[in-house]
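A.B. asks: Sending over my_file38.cif (mmCIF, C-alpha atoms and all ligand atoms).
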```
data_input
#
loop_
_atom_site.label_atom_id
_atom_site.label_comp_id
_atom_site.auth_asym_id
_atom_site.auth_seq_id
_atom_site.Cartn_x
_atom_site.Cartn_y
_atom_site.Cartn_z
CA MET A 95 -59.26 -99.84 -53.52
CA ARG A 96 -58.43 -98.06 -50.29
CA ILE A 97 -58.75 -94.29 -50.22
CA ALA A 98 -57.19 -92.16 -47.53
CA ALA A 99 -60.37 -90.23 -46.83
CA GLY A 100 -61.68 -93.24 -44.96
CA LEU A 101 -65.33 -92.43 -45.37
CA ILE A 102 -66.18 -93.60 -48.81
CA PHE A 103 -69.56 -93.94 -50.37
CA ALA A 104 -69.08 -96.11 -53.38
CA GLY A 105 -72.68 -95.63 -54.32
CA VAL A 106 -75.97 -96.69 -52.88
CA VAL A 107 -77.40 -100.03 -53.84
CA SER A 108 -81.08 -100.59 -53.39
CA LEU A 109 -81.87 -104.16 -52.52
CA CYS A 110 -85.45 -104.78 -53.47
CA ALA A 111 -87.16 -107.70 -51.82
CA THR A 112 -90.68 -106.74 -52.82
CA GLY A 113 -93.02 -109.70 -52.91
CA THR A 114 -90.74 -111.96 -50.89
CA ALA A 115 -92.72 -113.96 -48.33
CA TRP A 116 -90.32 -115.22 -45.66
CA SER A 117 -90.96 -118.11 -43.46
CA GLN A 118 -89.13 -121.09 -42.11
CA THR A 119 -92.17 -123.21 -42.77
CA PRO A 120 -92.63 -124.49 -46.32
CA ALA A 121 -93.92 -121.60 -48.37
CA PRO A 122 -97.30 -121.82 -50.09
CA LYS A 123 -96.98 -122.60 -53.79
CA GLY A 124 -98.02 -119.11 -54.83
CA ALA A 125 -95.09 -117.66 -52.87
CA ALA A 126 -92.50 -119.95 -54.39
CA ALA A 127 -91.76 -117.88 -57.46
CA PRO A 128 -90.90 -114.60 -55.73
CA GLN A 129 -88.89 -116.49 -53.11
CA ALA A 130 -86.77 -118.18 -55.69
CA ALA A 131 -86.17 -114.95 -57.55
CA ALA A 132 -82.72 -113.50 -57.10
CA PRO A 133 -82.61 -110.15 -55.33
CA VAL A 134 -82.60 -107.26 -57.72
CA ALA A 135 -79.84 -104.79 -57.15
CA VAL A 136 -80.86 -101.46 -58.56
CA PRO A 137 -78.62 -98.44 -58.28
CA ALA A 138 -80.45 -95.69 -56.43
CA PRO A 139 -79.64 -92.00 -56.33
CA ALA A 140 -76.46 -91.42 -54.32
CA ARG A 141 -78.21 -88.51 -52.67
CA ALA A 142 -79.88 -90.98 -50.26
CA ALA A 143 -76.59 -91.37 -48.40
CA ALA A 144 -75.70 -87.71 -48.33
CA PRO A 145 -77.18 -86.73 -44.94
CA ALA A 146 -75.26 -89.47 -43.10
CA ALA A 147 -72.07 -88.51 -44.91
CA ALA A 148 -72.57 -84.88 -43.97
CA LYS A 149 -73.05 -85.84 -40.31
CA MET A 150 -69.86 -87.89 -40.12
CA PRO A 151 -66.84 -85.87 -41.22
CA CYS A 152 -63.85 -88.18 -40.91
CA ALA A 153 -60.70 -86.84 -39.29
CA ASN A 154 -58.87 -90.17 -39.40
CA PRO A 155 -57.00 -90.71 -42.69
CA ASN A 156 -56.49 -94.40 -41.89
CA ALA A 157 -60.09 -95.06 -40.87
CA LEU A 158 -61.93 -98.24 -41.73
CA GLY A 159 -64.71 -96.10 -43.20
CA ILE A 160 -67.81 -97.21 -45.06
CA ALA A 161 -67.30 -98.96 -48.41
CA ARG A 162 -70.88 -98.79 -49.64
CA VAL A 163 -74.47 -98.38 -48.58
CA VAL A 164 -77.17 -100.96 -49.19
CA GLU A 165 -80.74 -99.77 -48.97
CA ILE A 166 -83.36 -102.39 -48.12
CA ASP A 167 -86.96 -102.48 -49.20
CA THR A 168 -88.40 -104.49 -46.31
CA THR A 169 -91.72 -105.25 -48.02
CA GLY A 170 -92.64 -108.86 -47.24
CA GLY A 171 -90.08 -109.17 -44.42
CA PRO A 172 -86.89 -110.41 -46.10
CA GLY A 173 -84.44 -112.36 -43.96
CA PHE A 174 -80.69 -111.76 -43.79
CA GLY A 175 -77.86 -113.79 -42.34
CA PHE A 176 -76.89 -117.22 -43.61
CA GLU A 177 -77.28 -118.87 -40.21
CA HIS A 178 -81.02 -118.89 -40.98
CA PHE A 179 -81.74 -117.18 -44.31
CA LYS A 180 -79.94 -118.22 -47.43
CA GLN A 181 -81.90 -116.52 -50.19
CA LEU A 182 -80.43 -113.02 -50.14
CA ASP A 183 -76.71 -112.58 -50.44
CA PHE A 184 -75.75 -109.03 -51.20
CA LEU A 185 -72.28 -108.94 -49.66
CA ARG A 186 -69.25 -109.14 -51.88
CA GLU A 187 -66.02 -110.84 -50.85
CA LYS A 188 -64.34 -109.11 -47.89
CA GLU A 189 -67.46 -107.11 -47.02
CA VAL A 190 -68.88 -107.07 -43.50
CA VAL A 191 -71.93 -105.63 -41.75
CA LEU A 192 -71.33 -104.87 -38.06
CA THR A 193 -74.34 -105.42 -35.80
CA PHE A 194 -74.73 -104.72 -32.09
CA ASP A 195 -77.46 -106.14 -29.85
CA ASP A 196 -78.98 -105.62 -26.40
CA GLY A 197 -78.14 -101.94 -25.76
CA PRO A 198 -78.42 -99.15 -25.06
CA TRP A 199 -76.30 -99.50 -21.95
CA PRO A 200 -74.16 -97.00 -20.01
CA LEU A 201 -70.42 -96.96 -20.68
CA ASN A 202 -70.41 -99.86 -23.15
CA THR A 203 -72.68 -98.36 -25.82
CA PRO A 204 -70.99 -94.92 -25.68
CA SER A 205 -67.62 -96.69 -25.92
CA VAL A 206 -68.75 -98.61 -29.02
CA LEU A 207 -70.04 -95.35 -30.51
CA LYS A 208 -66.70 -93.65 -29.92
CA THR A 209 -64.78 -96.48 -31.57
CA LEU A 210 -67.07 -96.50 -34.60
CA ALA A 211 -66.76 -92.70 -34.85
CA ASP A 212 -62.96 -92.89 -34.59
CA GLU A 213 -63.01 -95.31 -37.52
CA CYS A 214 -65.68 -93.30 -39.40
CA THR A 215 -67.67 -96.45 -39.76
CA THR A 216 -71.09 -97.69 -38.85
CA GLY A 217 -73.28 -100.57 -37.71
CA ILE A 218 -76.82 -101.71 -37.10
CA PHE A 219 -78.01 -101.55 -33.49
CA PHE A 220 -80.75 -103.85 -32.21
CA PRO A 221 -81.74 -102.37 -28.83
CA ILE A 222 -83.93 -104.05 -26.23
CA GLY A 223 -87.13 -102.03 -25.73
CA LYS A 224 -86.82 -101.84 -21.95
CA HIS A 225 -83.22 -100.71 -22.18
CA ALA A 226 -84.30 -97.99 -24.62
CA THR A 227 -86.75 -96.70 -22.01
CA TYR A 228 -84.03 -96.75 -19.32
CA TYR A 229 -81.47 -94.92 -21.44
CA PRO A 230 -83.21 -92.95 -24.19
CA GLU A 231 -80.38 -90.41 -24.26
CA ILE A 232 -77.82 -93.08 -25.11
CA LEU A 233 -80.02 -94.43 -27.90
CA LYS A 234 -80.43 -90.89 -29.23
CA GLN A 235 -76.62 -90.71 -29.44
CA VAL A 236 -76.64 -93.87 -31.56
CA ALA A 237 -79.11 -92.26 -33.94
CA ALA A 238 -77.28 -88.92 -33.95
CA ALA A 239 -74.09 -90.71 -35.03
CA GLY A 240 -75.91 -91.92 -38.14
CA HIS A 241 -76.13 -95.61 -37.31
CA THR A 242 -79.05 -97.76 -38.35
CA ILE A 243 -81.37 -98.77 -35.50
CA GLY A 244 -83.83 -101.66 -35.48
CA ALA A 245 -85.39 -103.54 -32.53
CA HIS A 246 -84.78 -106.69 -30.49
CA THR A 247 -88.09 -107.22 -28.58
CA TRP A 248 -89.41 -105.45 -25.51
CA SER A 249 -87.81 -107.61 -22.79
CA HIS A 250 -85.50 -109.99 -24.65
CA ALA A 251 -87.95 -112.86 -24.19
CA THR A 252 -87.12 -115.99 -26.13
CA LEU A 253 -90.02 -116.11 -28.56
CA THR A 254 -89.81 -119.86 -29.07
CA ASN A 255 -90.80 -120.26 -25.39
CA LYS A 256 -93.96 -122.33 -25.49
CA LYS A 257 -95.32 -120.61 -22.39
CA LEU A 258 -95.86 -117.43 -24.41
CA THR A 259 -99.12 -117.00 -26.26
CA GLU A 260 -99.12 -115.72 -29.82
CA ASP A 261 -100.37 -112.34 -28.58
CA GLN A 262 -97.53 -112.14 -26.06
CA ARG A 263 -94.99 -112.87 -28.79
CA LYS A 264 -96.45 -110.17 -30.99
CA GLU A 265 -96.45 -107.80 -28.04
CA GLU A 266 -92.75 -108.50 -27.45
CA ILE A 267 -92.01 -107.55 -31.04
CA GLU A 268 -94.32 -104.56 -31.33
CA LYS A 269 -93.63 -103.07 -27.91
CA GLY A 270 -89.93 -103.35 -28.67
CA PHE A 271 -90.36 -101.17 -31.76
CA SER A 272 -92.68 -98.75 -29.93
CA ALA A 273 -90.16 -98.38 -27.08
CA VAL A 274 -87.34 -97.57 -29.50
CA LYS A 275 -89.60 -95.09 -31.27
CA TRP A 276 -90.46 -93.48 -27.93
CA ALA A 277 -86.77 -93.20 -26.99
CA LEU A 278 -85.74 -91.74 -30.34
CA GLY A 279 -88.77 -89.55 -30.92
CA ALA A 280 -88.98 -91.12 -34.41
CA PRO A 281 -89.64 -94.62 -35.71
CA PRO A 282 -86.54 -96.79 -36.26
CA SER A 283 -85.83 -98.98 -39.27
CA PRO A 284 -88.08 -102.02 -39.80
CA PHE A 285 -85.14 -104.29 -38.92
CA PHE A 286 -85.64 -106.97 -36.26
CA ARG A 287 -83.45 -109.58 -34.59
CA PHE A 288 -84.91 -112.43 -32.52
CA PRO A 289 -83.35 -112.88 -29.05
CA ALA A 290 -80.85 -115.75 -29.08
CA LEU A 291 -81.57 -116.08 -32.82
CA GLN A 292 -84.58 -118.24 -31.97
CA HIS A 293 -86.99 -117.94 -34.90
CA PRO A 294 -90.53 -119.26 -34.27
CA PRO A 295 -91.94 -119.84 -37.78
CA GLU A 296 -95.25 -118.12 -37.05
CA MET A 297 -93.44 -114.95 -35.92
CA VAL A 298 -91.26 -115.04 -39.03
CA THR A 299 -94.49 -115.11 -41.03
CA TYR A 300 -95.96 -112.34 -38.85
CA LEU A 301 -92.96 -110.08 -39.46
CA GLY A 302 -93.49 -110.70 -43.16
CA THR A 303 -97.01 -109.28 -42.89
CA ARG A 304 -95.56 -106.31 -40.98
CA ASN A 305 -92.93 -105.67 -43.66
CA VAL A 306 -90.12 -106.00 -41.13
CA ALA A 307 -86.78 -107.44 -42.25
CA ILE A 308 -85.35 -110.19 -40.03
CA PHE A 309 -81.67 -110.21 -39.21
CA SER A 310 -79.96 -113.40 -38.24
CA CYS A 311 -76.20 -113.32 -38.82
CA ASP A 312 -73.48 -114.96 -40.87
CA LEU A 313 -71.20 -115.26 -37.89
CA ASP A 314 -71.79 -114.98 -34.18
CA SER A 315 -68.92 -113.53 -32.17
CA PHE A 316 -70.23 -115.25 -29.00
CA ASP A 317 -68.87 -112.17 -27.25
CA PHE A 318 -71.29 -112.67 -24.35
CA LYS A 319 -69.34 -115.82 -23.49
CA ALA A 320 -65.90 -114.26 -23.92
CA SER A 321 -63.74 -114.07 -20.83
CA LYS A 322 -61.60 -111.27 -22.25
CA PRO A 323 -61.59 -108.81 -25.19
CA GLN A 324 -58.96 -110.78 -27.16
CA THR A 325 -61.34 -113.75 -27.32
CA VAL A 326 -63.90 -111.57 -29.14
CA ILE A 327 -61.29 -110.42 -31.65
CA ASP A 328 -59.98 -113.93 -32.27
CA SER A 329 -63.47 -115.37 -32.66
CA VAL A 330 -64.59 -112.77 -35.22
CA MET A 331 -61.37 -112.84 -37.26
CA LYS A 332 -61.19 -116.62 -37.34
CA LYS A 333 -64.78 -116.99 -38.55
CA LEU A 334 -64.45 -114.15 -41.04
CA ASP A 335 -61.28 -115.59 -42.51
CA LYS A 336 -63.16 -118.83 -43.05
CA LEU A 337 -66.28 -117.24 -44.59
CA GLY A 338 -64.59 -114.32 -46.34
CA LYS A 339 -67.45 -111.92 -45.56
CA GLY A 340 -70.55 -111.65 -43.44
CA ILE A 341 -73.01 -110.02 -41.06
CA VAL A 342 -71.23 -110.04 -37.69
CA LEU A 343 -73.24 -110.36 -34.47
CA MET A 344 -71.84 -108.55 -31.44
CA HIS A 345 -73.31 -106.87 -28.33
CA ASP A 346 -72.82 -103.20 -27.44
CA PHE A 347 -74.20 -104.33 -24.05
CA GLN A 348 -71.00 -106.30 -23.39
CA LYS A 349 -67.96 -104.69 -21.78
CA HIS A 350 -65.49 -107.03 -23.49
CA THR A 351 -66.95 -106.15 -26.88
CA ALA A 352 -66.61 -102.44 -26.22
CA GLU A 353 -63.00 -103.02 -25.15
CA ALA A 354 -62.23 -105.29 -28.11
CA LEU A 355 -63.73 -103.09 -30.79
CA PRO A 356 -60.81 -100.65 -31.42
CA ASP A 357 -58.36 -103.52 -32.07
CA LEU A 358 -60.97 -105.54 -33.95
CA LEU A 359 -61.65 -102.69 -36.37
CA HIS A 360 -57.91 -102.20 -36.93
CA LYS A 361 -57.56 -105.90 -37.66
CA LEU A 362 -60.49 -105.81 -40.09
CA LYS A 363 -58.91 -102.93 -41.96
CA ASP A 364 -55.48 -104.57 -42.02
CA ALA A 365 -57.03 -107.76 -43.39
CA GLY A 366 -58.74 -105.82 -46.18
CA TYR A 367 -62.32 -106.06 -44.93
CA LYS A 368 -64.76 -103.30 -45.80
CA VAL A 369 -67.87 -102.19 -43.93
CA VAL A 370 -71.23 -102.05 -45.66
CA GLN A 371 -73.90 -99.82 -44.22
CA MET A 372 -77.47 -101.16 -44.35
CA LYS A 373 -80.38 -98.78 -44.35
CA ALA A 374 -84.11 -99.19 -44.71
CA LYS A 375 -86.01 -97.59 -47.52
CA ALA A 376 -88.73 -96.47 -45.07
CA PRO A 377 -89.11 -96.49 -41.26
CA VAL A 378 -91.18 -99.05 -39.38
CA GLN A 379 -94.89 -98.39 -38.95
CA THR A 380 -95.53 -98.93 -35.25
CA ILE A 381 -98.96 -99.87 -33.89
CA ALA A 382 -100.79 -97.17 -31.89
CA GLN A 383 -101.89 -99.55 -29.12
CA TYR A 384 -98.28 -100.35 -28.22
CA ASP A 385 -97.11 -96.76 -28.59
CA GLU A 386 -99.74 -95.85 -25.98
CA GLU A 387 -98.60 -98.61 -23.64
CA ILE A 388 -95.05 -97.32 -23.79
CA LEU A 389 -96.24 -93.79 -23.14
CA LYS A 390 -98.18 -94.95 -20.08
CA ASP A 391 -95.11 -96.82 -18.78
CA ALA A 392 -92.97 -93.72 -19.33
CA LYS A 393 -95.43 -91.49 -17.45
CA LEU A 394 -95.46 -93.94 -14.55
CA ARG A 395 -91.67 -93.96 -14.48
CA GLN A 396 -91.63 -90.16 -14.48
CA ALA A 397 -94.10 -90.12 -11.57
CA ILE A 398 -91.88 -92.50 -9.56
CA LEU A 399 -88.81 -90.38 -10.26
CA HIS A 400 -90.75 -87.28 -9.26
CA VAL A 401 -91.65 -88.77 -5.86
CA SER A 402 -88.01 -89.76 -5.40
CA ALA A 403 -86.87 -86.26 -6.38
CA ARG A 404 -89.03 -84.67 -3.64
CA SER A 405 -86.73 -86.08 -1.01
CA ARG A 406 -83.68 -84.69 -2.77
CA ARG A 407 -81.64 -81.97 -1.18
CA PRO A 408 -82.32 -78.88 -3.27
CA ASP A 409 -78.63 -78.09 -3.73
CA ARG A 410 -77.84 -81.59 -4.98
CA ALA A 411 -78.85 -82.50 -8.50
CA ARG A 412 -79.10 -86.18 -7.77
CA PRO A 413 -81.92 -88.42 -6.60
CA ALA A 414 -82.28 -89.89 -3.13
CA PHE A 415 -81.07 -93.42 -2.75
CA PRO A 416 -83.93 -95.87 -3.32
CA ARG A 417 -85.53 -97.22 -0.17
CA GLY A 418 -86.42 -100.84 0.52
CA PRO A 419 -84.59 -104.02 -0.30
CA ALA A 420 -82.97 -102.55 -3.40
CA GLU A 421 -81.32 -99.89 -1.28
CA LEU A 422 -78.87 -102.30 0.23
CA ALA A 423 -77.69 -105.67 -0.92
CA THR A 424 -79.98 -107.61 -3.17
CA ALA A 425 -79.49 -111.30 -3.61
CA LYS A 426 -78.84 -112.20 -7.22
CA ALA A 427 -80.62 -115.45 -6.41
CA ASP A 428 -83.87 -113.49 -6.12
CA TYR A 429 -83.71 -112.90 -9.84
CA PRO A 430 -83.97 -116.13 -11.75
CA ASP A 431 -82.37 -114.93 -14.94
CA GLU A 432 -80.13 -112.19 -16.19
CA ASP A 433 -82.97 -110.29 -17.88
CA SER A 434 -85.03 -109.84 -14.72
CA TRP A 435 -81.89 -108.72 -12.92
CA ARG A 436 -81.21 -106.17 -15.64
CA ASP A 437 -84.80 -104.96 -15.30
CA ARG A 438 -84.26 -104.50 -11.61
CA ILE A 439 -81.01 -102.58 -11.76
CA GLY A 440 -81.69 -100.66 -14.96
CA PRO A 441 -83.75 -97.85 -13.39
CA PHE A 442 -81.13 -97.35 -10.67
CA GLN A 443 -78.32 -97.15 -13.17
CA SER A 444 -80.26 -94.60 -15.17
CA GLN A 445 -80.34 -92.46 -12.03
CA GLY A 446 -76.58 -92.49 -11.78
CA TYR A 447 -75.98 -95.43 -9.48
CA ILE A 448 -73.18 -97.84 -10.05
CA VAL A 449 -74.06 -101.49 -9.67
CA GLU A 450 -71.24 -103.81 -8.75
CA PRO A 451 -70.85 -107.35 -7.56
CA GLY A 452 -70.95 -107.64 -3.80
CA ARG A 453 -72.95 -106.76 -0.74
CA CYS A 454 -73.56 -103.12 0.01
CA VAL A 455 -71.99 -101.89 3.22
CA ILE A 456 -71.43 -98.49 4.78
CA ARG A 457 -67.88 -97.77 5.84
CA GLY A 458 -67.13 -94.48 7.56
CA GLY A 459 -70.39 -93.06 6.25
CA VAL A 460 -69.54 -94.02 2.67
CA ARG A 461 -71.64 -96.55 0.83
CA THR A 462 -69.43 -99.14 -0.80
CA CYS A 463 -69.35 -102.74 -1.96
CA ARG A 464 -67.93 -105.78 -0.25
CA ARG A 465 -67.48 -108.81 -2.43
CA ALA A 466 -69.98 -111.55 -1.58
CA PHE A 467 -70.99 -114.64 -3.44
CA ARG A 468 -74.21 -114.29 -5.47
CA HIS A 469 -74.79 -110.72 -4.39
CA ARG A 470 -74.72 -107.43 -6.17
CA CYS A 471 -75.37 -104.02 -4.75
CA CYS A 472 -76.41 -100.59 -5.78
CA TYR A 473 -74.43 -97.68 -4.49
CA ARG A 474 -74.34 -94.03 -5.26
CA ARG A 475 -71.82 -92.55 -7.61
CA THR A 476 -69.52 -90.20 -5.67
ZN ZN A 501 -79.97 -110.24 -27.52
#
```
Can you turn what I pasted into C-alpha cells?

C.D. replies:
Amino acid sequence: MRIAAGLIFAGVVSLCATGTAWSQTPAPKGAAAPQAAAPVAVPAPARAAAPAAAKMPCANPNALGIARVVEIDTTGGPGFGFEHFKQLDFLREKEVVLTFDDGPWPLNTPSVLKTLADECTTGIFFPIGKHATYYPEILKQVAAAGHTIGAHTWSHATLTNKKLTEDQRKEEIEKGFSAVKWALGAPPSPFFRFPALQHPPEMVTYLGTRNVAIFSCDLDSFDFKASKPQTVIDSVMKKLDKLGKGIVLMHDFQKHTAEALPDLLHKLKDAGYKVVQMKAKAPVQTIAQYDEEILKDAKLRQAILHVSARSRRPDRARPAFPRGPAELATAKADYPDEDSWRDRIGPFQSQGYIVEPGRCVIRGGVRTCRRAFRHRCCYRRT
C-alpha cells in the first residue's frame, strides 16, 4: 500500500540475534543450535522510531519514504547480506536497504543527503575512520538527518591482507569506530562493513565477541567502476529485478552515485520497491585505548592547522596555502594506491582546497590546473 504522506512507519520490528555466533569457519558444535535457529521477529514499541520521524517531516507527497523500521540486537555479531551471510533474511519482497560506504566526502555526501531528504527516506552509512576525522561536520549532517551510521575501518585497509598482523586488523576495526565516535561526539551503531567485502574468518569471529553486526550486501552496485550515473541506475535496477529485494551497496564517496541517486530513487518507487530502515538496539561500545589514539591524532591535526593559521592574513578567513611539494603539483605516481592519495589530499580539501586532475600552474597570479598525465594538483578555492 502506498500512502501519500511518503514517510510511513509501518511499525518497528525487533530482529533478535541473541546467541548467534557468526563465523565463516565451521562453527563449534555448541554454537550450531543458535545458528540454525530462525531469527525471531518480535514487535517492539513503535515509540522507538518516533524521534527519527519527528526529525524528518516530509514535504514531498510522492516521496519514496520509509516502509518500516527493523531494529537489530547485535549481540553475537550477526551477519547480513546474502553475498556472505545466508542465515538472516528479514526483508520481504520488494523491500530494500540502501547502504553507502567510504564517506564522508565533500559535495558527494551532502548531495546524497539532500536526495535522501527529498525522498524522505534513509540509509546506512559506513564511513572510513580517516575520512570522518577530515570531515566531522559532514558526518554530523548524516547523523542529524536521522540516518544510521556504522563503520568501515580506519583506513580502508583490506583485512585479508596477509601482511597485517591480527593486532593491526583489530586496530583497523576499532580505530574506525573510535574515529566515527570522535566525529559525531557519540558512538555510532555497532554495524560494520569490511572493505571490498573481504571477510577474514578470524575478524568475523572477533566482531562476534564485540557484538558488532557485519554487513555484506545482497547486491553490489559496482558504482565505483561506473563510467556514468546511468550505469549505476541500470546496475542496481537490473540486479534488484532479478532478486526482488535486497541490501544495496553504494558509495556516497562516488560522484556518479550522488548524481544517479535522484533518478534511482524515482525508479525504485515506480517499480514498487520500499525502503527499510535498519537501526541498532544499542550503540557500539568503543575501546578507550583507540578513543585516546584518535584524540591524540585530532590534537596533532589542530596544532598543524594552528601553525598554518598563523600565516593567514587576519582579514581573510582562510588558511595559507600549504608549503612544500603538496603546494604545487604532486605526482599521482608517488602514491601507490587510491587510499594513500586520499589520505594526502583529504586534509587540504577539508581546508577548502579543490583538488583536480592536472599540474598546478600560476597564470596571471591565479593558481589553476593544467591537465597532465598522472598528476593532480591542489589549488585554492576562489
Ligand atoms: Zn569501502

A.B. asks: Which residues are near ligand ZN 501 (chain A) - at most 8 Å, using only C-alpha atoms and all ligand atoms? Format: as a VMD selection string.

C.D. replies: chain A and resid 195 to 196 220 222 246 250 287 to 290 345

A.B. asks: Is it possible to get the residues within 10 Å of (-64.1, -97.2, -32.7) (coordinates as in the file, counting only C-alpha atoms) written as number ranges by chain?

C.D. replies: A: 157-158, 205-216, 352-360

A.B. asks: When you draw a straight line from CA of Val163 in chain A to CA of Leu192 in chain A, how long is it in Å?

C.D. replies: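 A separation of 12.8 Å between them.
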
A.B. asks: Provide the CA of Gly175 in chain A to CA of Pro323 in chain A distance in Å, to one decimal place.

C.D. replies: 24.2 Å

A.B. asks: Rank nothing, just name the residue among A:His241, A:Lys224, A:Lys275, A:Lys188 nearest to Asp335 in chain A, using all atoms listed in the file.

C.D. replies: A:Lys188

A.B. asks: Give me, as a PyMOL selection string, all polymer residues having an atom no more than 9 Å from Trp199 in chain A, counting all atoms listed in the file and skipping those fewer than 5 positions away in the same chain.

C.D. replies: chain A and resi 204+225-226+228-229+232-233+346-348+440

A.B. asks: Give me a file of those residues, with C-alpha atoms, as a CSV table (one decimal), in the frame of the given file.

C.D. replies:
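Below you can see out21.csv, which holds the result:
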```
chain,number,residue,atom,x,y,z
A,204,PRO,CA,-71.0,-94.9,-25.7
A,225,HIS,CA,-83.2,-100.7,-22.2
A,226,ALA,CA,-84.3,-98.0,-24.6
A,228,TYR,CA,-84.0,-96.8,-19.3
A,229,TYR,CA,-81.5,-94.9,-21.4
A,232,ILE,CA,-77.8,-93.1,-25.1
A,233,LEU,CA,-80.0,-94.4,-27.9
A,346,ASP,CA,-72.8,-103.2,-27.4
A,347,PHE,CA,-74.2,-104.3,-24.0
A,348,GLN,CA,-71.0,-106.3,-23.4
A,440,GLY,CA,-81.7,-100.7,-15.0
```

A.B. asks: Could you jot down the CA of Val274 in chain A to CA of Thr227 in chain A separation for me, Å, one decimal place?

C.D. replies: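 Computed distance, CA of Val274 in chain A to CA of Thr227 in chain A, equals 7.6 Å.
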
A.B. asks: Please check which residues have atoms at most 10 Å from (-89.2, -110.9, -42.6) in the file's coordinates, counting all atoms listed in the file, and write them as a PDB file with C-alpha atoms, in the frame of the given file.

C.D. replies:
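Saved as result34.pdb:
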```
ATOM      1  CA  ALA A 111     -87.160-107.700 -51.820  1.00  0.00           C
ATOM      2  CA  THR A 114     -90.740-111.960 -50.890  1.00  0.00           C
ATOM      3  CA  ALA A 115     -92.720-113.960 -48.330  1.00  0.00           C
ATOM      4  CA  TRP A 116     -90.320-115.220 -45.660  1.00  0.00           C
ATOM      5  CA  SER A 117     -90.960-118.110 -43.460  1.00  0.00           C
ATOM      6  CA  THR A 168     -88.400-104.490 -46.310  1.00  0.00           C
ATOM      7  CA  THR A 169     -91.720-105.250 -48.020  1.00  0.00           C
ATOM      8  CA  GLY A 170     -92.640-108.860 -47.240  1.00  0.00           C
ATOM      9  CA  GLY A 171     -90.080-109.170 -44.420  1.00  0.00           C
ATOM     10  CA  PRO A 172     -86.890-110.410 -46.100  1.00  0.00           C
ATOM     11  CA  GLY A 173     -84.440-112.360 -43.960  1.00  0.00           C
ATOM     12  CA  PHE A 174     -80.690-111.760 -43.790  1.00  0.00           C
ATOM     13  CA  PHE A 179     -81.740-117.180 -44.310  1.00  0.00           C
ATOM     14  CA  PRO A 284     -88.080-102.020 -39.800  1.00  0.00           C
ATOM     15  CA  PHE A 285     -85.140-104.290 -38.920  1.00  0.00           C
ATOM     16  CA  PHE A 286     -85.640-106.970 -36.260  1.00  0.00           C
ATOM     17  CA  ARG A 287     -83.450-109.580 -34.590  1.00  0.00           C
ATOM     18  CA  MET A 297     -93.440-114.950 -35.920  1.00  0.00           C
ATOM     19  CA  VAL A 298     -91.260-115.040 -39.030  1.00  0.00           C
ATOM     20  CA  THR A 299     -94.490-115.110 -41.030  1.00  0.00           C
ATOM     21  CA  TYR A 300     -95.960-112.340 -38.850  1.00  0.00           C
ATOM     22  CA  LEU A 301     -92.960-110.080 -39.460  1.00  0.00           C
ATOM     23  CA  GLY A 302     -93.490-110.700 -43.160  1.00  0.00           C
ATOM     24  CA  THR A 303     -97.010-109.280 -42.890  1.00  0.00           C
ATOM     25  CA  ARG A 304     -95.560-106.310 -40.980  1.00  0.00           C
ATOM     26  CA  ASN A 305     -92.930-105.670 -43.660  1.00  0.00           C
ATOM     27  CA  VAL A 306     -90.120-106.000 -41.130  1.00  0.00           C
ATOM     28  CA  ALA A 307     -86.780-107.440 -42.250  1.00  0.00           C
ATOM     29  CA  ILE A 308     -85.350-110.190 -40.030  1.00  0.00           C
ATOM     30  CA  PHE A 309     -81.670-110.210 -39.210  1.00  0.00           C
TER      31      PHE A 309
END
```

A.B. asks: May I ask which of the residues A:Leu394, A:Thr351, A:Gln235, A:Ile341 is the closest one to Ser321 in chain A, counting only C-alpha atoms?

C.D. replies: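 Once distances to Ser321 in chain A are computed over only C-alpha atoms, the minimum belongs to A:Thr351.
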
A.B. asks: So which one's closest to Leu337 in chain A, A:Trp276, A:Trp248, A:Tyr367, A:Tyr384? Using only C-alpha atoms, please.

C.D. replies: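 Among A:Trp276, A:Trp248, A:Tyr367, A:Tyr384, it is A:Tyr367 that comes nearest to Leu337 in chain A.
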
A.B. asks: For each of A:Gly217, A:Pro294, A:Gly159, A:Pro230, take the minimum atom-to-atom distance to Ala392 in chain A, counting only C-alpha atoms, then give the residue where this is smallest.

C.D. replies: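 For Ala392 in chain A, the nearest of the given residues is A:Pro230.
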